[in-house]
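Remarks on the structure that follows.
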Protein chains: 2
Amino acid sequence: MLGISLERLSKQSIKRQIYTQLREQIMNGQLKEKDELPSTRELAKALKVSRNTISEAYAMLIDEGFVVSRQGASTRVAEGVSMNKNEQVISAIKSSPQYTITIDFRTGRPDLRQFPQYLWRQFSNKVSMEMPMELYGYTGPQGLYELRTEIAEWLFRNRGLKVNAEDIFITSGATQALYILAELLCKSGSKVLIEDPCHSGMHRIFANRGCLIEPIPADDHGMMTQYLHIKDACAVYVTPSHQFPLGGILPASRRAELIRFAKENGIYIIEDDYDSEFRYSGDPVSPLYAMDQQNVVYVGTFSKSLFPALRIGYVILPQQLHERWCDVRTYMDVQNPVLQQAILAEFMRTRKLDRHIKKMRRIYGQRRLVLLESLRESFGDKCLPCGDAAGLHIAVDFPGMRFDKDFQEICLRNGIHITPVEKHCIVKDRHVSKLLFGYGHLEPDEIRMNVHALYDLMKKISLV
Amino acid sequence: MLGISLERLSKQSIKRQIYTQLREQIMNGQLKEKDELPSTRELAKALKVSRNTISEAYAMLIDEGFVVSRQGASTRVAEGVSMNKNEQVISAIKSSPQYTITIDFRTGRPDLRQFPQYLWRQFSNKVSMEMPMELYGYTGPQGLYELRTEIAEWLFRNRGLKVNAEDIFITSGATQALYILAELLCKSGSKVLIEDPCHSGMHRIFANRGCLIEPIPADDHGMMTQYLHIKDACAVYVTPSHQFPLGGILPASRRAELIRFAKENGIYIIEDDYDSEFRYSGDPVSPLYAMDQQNVVYVGTFSKSLFPALRIGYVILPQQLHERWCDVRTYMDVQNPVLQQAILAEFMRTRKLDRHIKKMRRIYGQRRLVLLESLRESFGDKCLPCGDAAGLHIAVDFPGMRFDKDFQEICLRNGIHITPVEKHCIVKDRHVSKLLFGYGHLEPDEIRMNVHALYDLMKKISLV
C-alpha cells in the first residue's frame, strides 16, 4: 500500500522507515495536497506491523506539519508542502593527482615515534580521574589557569622570561594564534610587514584576512630591519629565534631596531617562536618579548615539542588586547577542549616536558649532523647549509642551481617530497637556489638514503 | 661587579641570571655601546661562580648579538642595541561587577553531574592505547574518518538521514561551524536573513563578520517564512527543529517555502540543530536537510548531548563547499585535536551515546514537567509556556509584564541569573513579556526552589 517497502533488518526503525517514505512521497508530489492517507488500521494490516507503529509514524508527520489530522476526520496531506525537485548543478571538485611519497623531506614534522605515548596515557588517566566536573562545562576563552601557570614557570626556567599567567592565552595551535591576531590587529586593506621568505601558511593567514602584505627581506640573520620604513602598517610578523625558513637568529641590534620601529609607529610585533626549543649549540635564544612587553605579542606552540594533533599553542598578550582577544575567541570557537589542557599542565608540572625536549634535542641534533654529513658526501662543496644550528629543518643553498615548482613536481613524481625555499618567498627569484630539508621525523639511516635518492634524481635530470 | 646579584635558590640557572641581567643593562643603556665587559676570569671570581658559567652566559649574549667578541680582544657591547624605554600608556580593562549567582536559569547547560565520567575515562584509556602513531600528526582539516562514519550512522538511526561520511566535517563545536560558514558564504556588507529572536551569540558571529543582519520574525512555529522577500541575501540562518529561544517546530509548509526561497535565489540555508536530541513527546524532528541536500547546510553539536568542554560539532556540507571549507579551516586552526574525536567515535560505535541521550531525555523530560508545575504553582495563569516539548529551556510568556536589561540586572544583584527573550531579539520590544528558563542542569528540587525565589523577587519589586 502506498508503495511503502519495509526492511526488517535495517538499523532504522520500522516507524521511521514509514515516516521517511511517506514524507518523500509528499515532498516529491506523489502524494498531493489534501490527499487522504489510509487509516492507521488499514495501513497496519497492509504492512503487517502494529497499529501503534503506524500511529507513531503519522504523529511524526503531524508534528512536522506534513499531514493534518482533525478529530473524527481522516488524515490528509497538508497544503504547500510539495517542492520543485529541479536540483542545481554541482561544480565538481578538481582533485590534484596523488603520488606515493617514499622520500619525505617535509618541514615542521617532529618524530612521533619518540613521543612517550605510554607516559602520556598514564597522565591522561590520572588527570581525567581527578578532573572536577565543572571543567566539563564552559570554562572561558583564556584557557585553563593551571596550564597557563605551568607555561609561565616553564618560560622562566627555559627562557628567563618573567610572564604572568594572566597574560597567557591558550589557543588551538600557533595557526589559530596568528589567525586571531590578524583579526585583532589588522583591518582588511591595512598593511602587514612580513619577513620574506616566510612560511607560506602564515603568510596566507594575513592575505586571507584581506591585508596588504609588505615583504621585508630576510638574510642569514633574519629580517633586514633597515628596510622597515612603511609608516602606516598595522603589524610586523617575524620569527626572530630561528627565521623560517632560512634559519638565522635575529641579532640584538636588529631586535632593538625592530622594537624602536614598532614603538615609534605604535604597532605590534608578532613574534612567532615555532621551534626554538630545539637549539643544538647553546641555550634556546631569548625571545624578543624579553626586550619589550608593550609592543611584542609572543606566539608559542607545542606542536613541534609534543605532537601536532594536540592542537595547543599560546600567546603572551599585552594587557590592552586581553578584552578584545576574549571577545573574538568567544564568537569563533569558544575555547580549547579542556582534557588535553589539563594533561599538558600535569606533564609540565612534573617536568616531563623538560625531559622530553632534552631527549629530543639530543636526537634531533644528531640527525642534523647526519644530514649535513650526507649532503657533504653526495654534493661536496656544491651545497652550503644556511642558518643557525636549531629547529627541525635546514635551508641549503646550491649556488647556480634553480629550484622551482617544476623541480618540486619532478621530485613528487619520483616519490620525493622536498620544498624549494622559493615556495615560501613573497618576492620571487631571490632564493631560487635553496632547498629545505626537514629531518626531525627521519631516522639517521633514512636521512642518508633520502639524500642519496635526491642526489641520484638530480643527477638523472642533469642538475649535478 | 656590574651590579649583578644572583639568587642561588632560583629555578633559573645561574648562567641565565647573569645573561638576563647583563642584557637588561645593555638594553636600558646602563652598559653603553662599545663598553667593555669584564673578562670571564674576573667576573667568575667576583660572582663566585665557575668561569665556564660566565663563558656560557657570554656565549648567549654573543649568539644573540648583544655583545661582540673578537679573537684576542675583549668582549664589548654591540652597536645599536640600547632602546628608548618610554613606554606607551596602557588603557585599563573595564571590568564588569561580579555577582554571586545562587539561582541559575541560564540556557544551554546540560547536567554535567549525569555525564558518565567513569565510562568516558575507560574509553579514553582504550582508545589512546590503540591509537596509531600517525594520528598524533597532522590528519587533515575534515576530521577523523571513523568519527564521521559514526555520525553518519547515528543520524540514520536517529533522524532517518542518509548522509555520506564524505559530506561531514568535524568542527570545534557549533560556534566554529557558524563562524566558518559566515566566512564561506557571506562577504562583508552582504545581507544575512536571521530569524528573530535568535541566539545573541550566533547573531554576533554574522555581525562580527560585517554582515548586514535582516531579521525575519519568528512566532510560536518558528521563522515566519512569508516575510522572506529580500532577494540579494547570501544566507538564511534558522533553527527549525526547536526555534531558539521560542521553542517552535517549523511546520512542513514553512519548510517547503524556505527551501523554495533558497533555491530560487541560489542561496544557502544554515540549519542549526543545537538540541533537538531532547524531544519529550515523540521522536526527534527530522532536519530540514532531509528535505534538501543542495541548499541546506546542517550544523550539529555534542556540547548539549555530552559536554561543552568536548568542543566537537559537525556540519553536513554540500559538495560544492568542500574544497573551500578545507581551505578556510587549514588557515584558521588546522584541525580538531584527535584524541577526543577517537573517543567519541568509539562511544558512538558502541551505542553508548544513544544510551546516554535516552537516559538524559527521560531526566530532562521530568525536569521540564517539574518546571512547568512550579511555574503554575507560583504564577498561576499569569504565565504561558511557549513552544514544543523539547530542549533544555522553556520560553515563558507573562502577558502584560516587561522584562528588560534593568530587570535582568535586578535579578543578578539578587543572585538570580535569568535571561529575558528581549536579550536575543534583533528588533526590540516584540517579546518583552517573555523570560527564558534553562532547566537541564537543575535537579527537580533546585527548580522548585529557584522558581519560588524568582516569584518572591518579582513580588518584592511589585511585578506580580
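Ligands are numbered from 1 in the order shown, chains are lettered A, B, ... in the order of the C-alpha cells, and residues start at 1 in each chain.
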
Practice item. Write out as a list in words the residues lying within 12 Å of range 42-49 of chain B, counting only C-alpha atoms and excluding same-chain residues fewer than 4 positions away. Key: Met1, Leu2, Gly3, Ile4, Ser5, Leu6, Glu7, Arg8, Ser13, Ile14, Lys15, Gln17, Ile18, Leu22, Leu37, Pro38, Thr53, Ile54, Ser55, Glu56, Ala57 and Tyr58 of chain B

Can you build me a table of range 181-239 of chain B residues sitting at most 12 Å from range 277-295 of chain B, with the closest atom pair per residue and its distance in Å to one decimal, using only C-alpha atoms, sorted by chain and residue number, as CSV?
residue,atom,partner,partner_atom,distance
B:Leu185,CA,B:Asn295,CA,11.7
B:Cys234,CA,B:Asn295,CA,11.6
B:Ala235,CA,B:Asn295,CA,9.7
B:Val236,CA,B:Asn295,CA,10.2
B:Tyr237,CA,B:Leu288,CA,11.9
B:Val238,CA,B:Leu288,CA,9.7
B:Thr239,CA,B:Leu288,CA,9.4

Exercise for review: Determine, counting only C-alpha atoms, which protein, DNA and RNA residues have an atom within 10 Å of an atom of range 394-408 of chain B; residues of the same chain fewer than 3 positions away are not included. Present the result as JSON, numbers by chain.
Suggested key: {"B": [107, 244, 245, 246, 247, 368, 371, 372, 375, 379, 381, 382, 383, 384, 385, 386, 387, 388, 389, 390, 391, 411, 412, 413, 414, 416, 417, 418, 419, 420, 421, 422, 423, 428, 429, 431, 432, 433, 434, 435, 436, 437, 438, 439, 458, 461, 463, 464]}

Check your understanding: Smallest atom-to-atom distance to chain B: which of A:Asp111, A:Glu373, A:Asp272, A:Asp167, using only C-alpha atoms?
Key -> A:Asp111

Review point. If you run DSSP on the backbone, which residues of range 294-374 of chain A are strand (DSSP E), as a VMD selection string?
Key: chain A and resid 296 to 301 313 to 316

Selected residues written out with N, CA and C atoms, as a CSV table (one decimal), in the first residue's frame:
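Listed below is the output, again-v7.csv:
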chain,number,residue,atom,x,y,z
A,296,VAL,N,55.3,43.7,21.9
A,296,VAL,CA,55.5,42.4,21.3
A,296,VAL,C,54.5,41.4,21.8
A,297,VAL,N,53.9,40.7,20.8
A,297,VAL,CA,53.0,39.6,21.1
A,297,VAL,C,53.8,38.3,20.8
A,298,TYR,N,53.9,37.5,21.8
A,298,TYR,CA,54.7,36.2,21.6
A,298,TYR,C,53.8,35.1,21.3
A,299,VAL,N,54.1,34.3,20.3
A,299,VAL,CA,53.3,33.1,19.9
A,299,VAL,C,54.2,31.9,20.1
A,300,GLY,N,53.7,30.9,20.9
A,300,GLY,CA,54.4,29.7,21.1
A,300,GLY,C,53.5,28.5,20.8
A,301,THR,N,54.1,27.3,20.6
A,301,THR,CA,53.3,26.1,20.2
A,301,THR,C,53.9,24.9,20.8
A,313,GLY,N,48.6,25.7,21.6
A,313,GLY,CA,49.6,26.8,21.5
A,313,GLY,C,49.2,27.9,22.5
A,314,TYR,N,49.9,29.0,22.4
A,314,TYR,CA,49.6,30.1,23.3
A,314,TYR,C,50.1,31.4,22.8
A,315,VAL,N,49.6,32.5,23.3
A,315,VAL,CA,50.2,33.8,23.1
A,315,VAL,C,50.4,34.5,24.4
A,316,ILE,N,51.4,35.3,24.5
A,316,ILE,CA,51.6,36.2,25.6
A,316,ILE,C,51.1,37.6,25.0

Practice item. Using CA of Val334 in chain A and CA of Pro141 in chain A as the two end points, give the distance in Å to one decimal. Key: 5.8 Å

Practice item. Can you check which residues of range 52-261 of chain A DSSP gives as alpha helix (DSSP H) on the backbone and send them as a VMD selection string? Key: chain A and resid 52 to 63 117 to 130 145 to 159 173 to 185 200 to 208 252 to 261

Review point. Pick from A:Asn450, A:Asn164, A:Asn208, A:Asn158: nearest to Gln12 in chain B, with only C-alpha atoms counted?
Key: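 Of the candidates, the smallest distance to Gln12 in chain B is held by A:Asn158.
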
**Study point:** Pairwise distance for CA of Leu119 in chain A and CA of Tyr136 in chain A, rounded to one decimal in Å
**Key:**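 Atom-to-atom, CA of Leu119 in chain A to CA of Tyr136 in chain A, that is 23.3 Å.
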
Review point. Using only C-alpha atoms, which of the listed residues (A:Leu181, A:Ala256, A:Ile230, A:Ile103) sits closest to chain B?
Key: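 Ranked by minimum distance to chain B, first place goes to A:Ala256.
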
Review point. Which polymer residues have any atom within 8 Å of an atom of range 120-130 of chain A, counting only C-alpha atoms, with same-chain residues fewer than 2 positions away left out, as a ChimeraX atom specification?
Key: /A:116-118,132,339-340,342-343,346-347 /B:118,121,124-125,128-129

Review point. Quick one: residues within 9 Å of Lys162 in chain B, only C-alpha atoms counted, chain neighbours fewer than 2 positions away excluded, as a count of residues only?
Key: 8
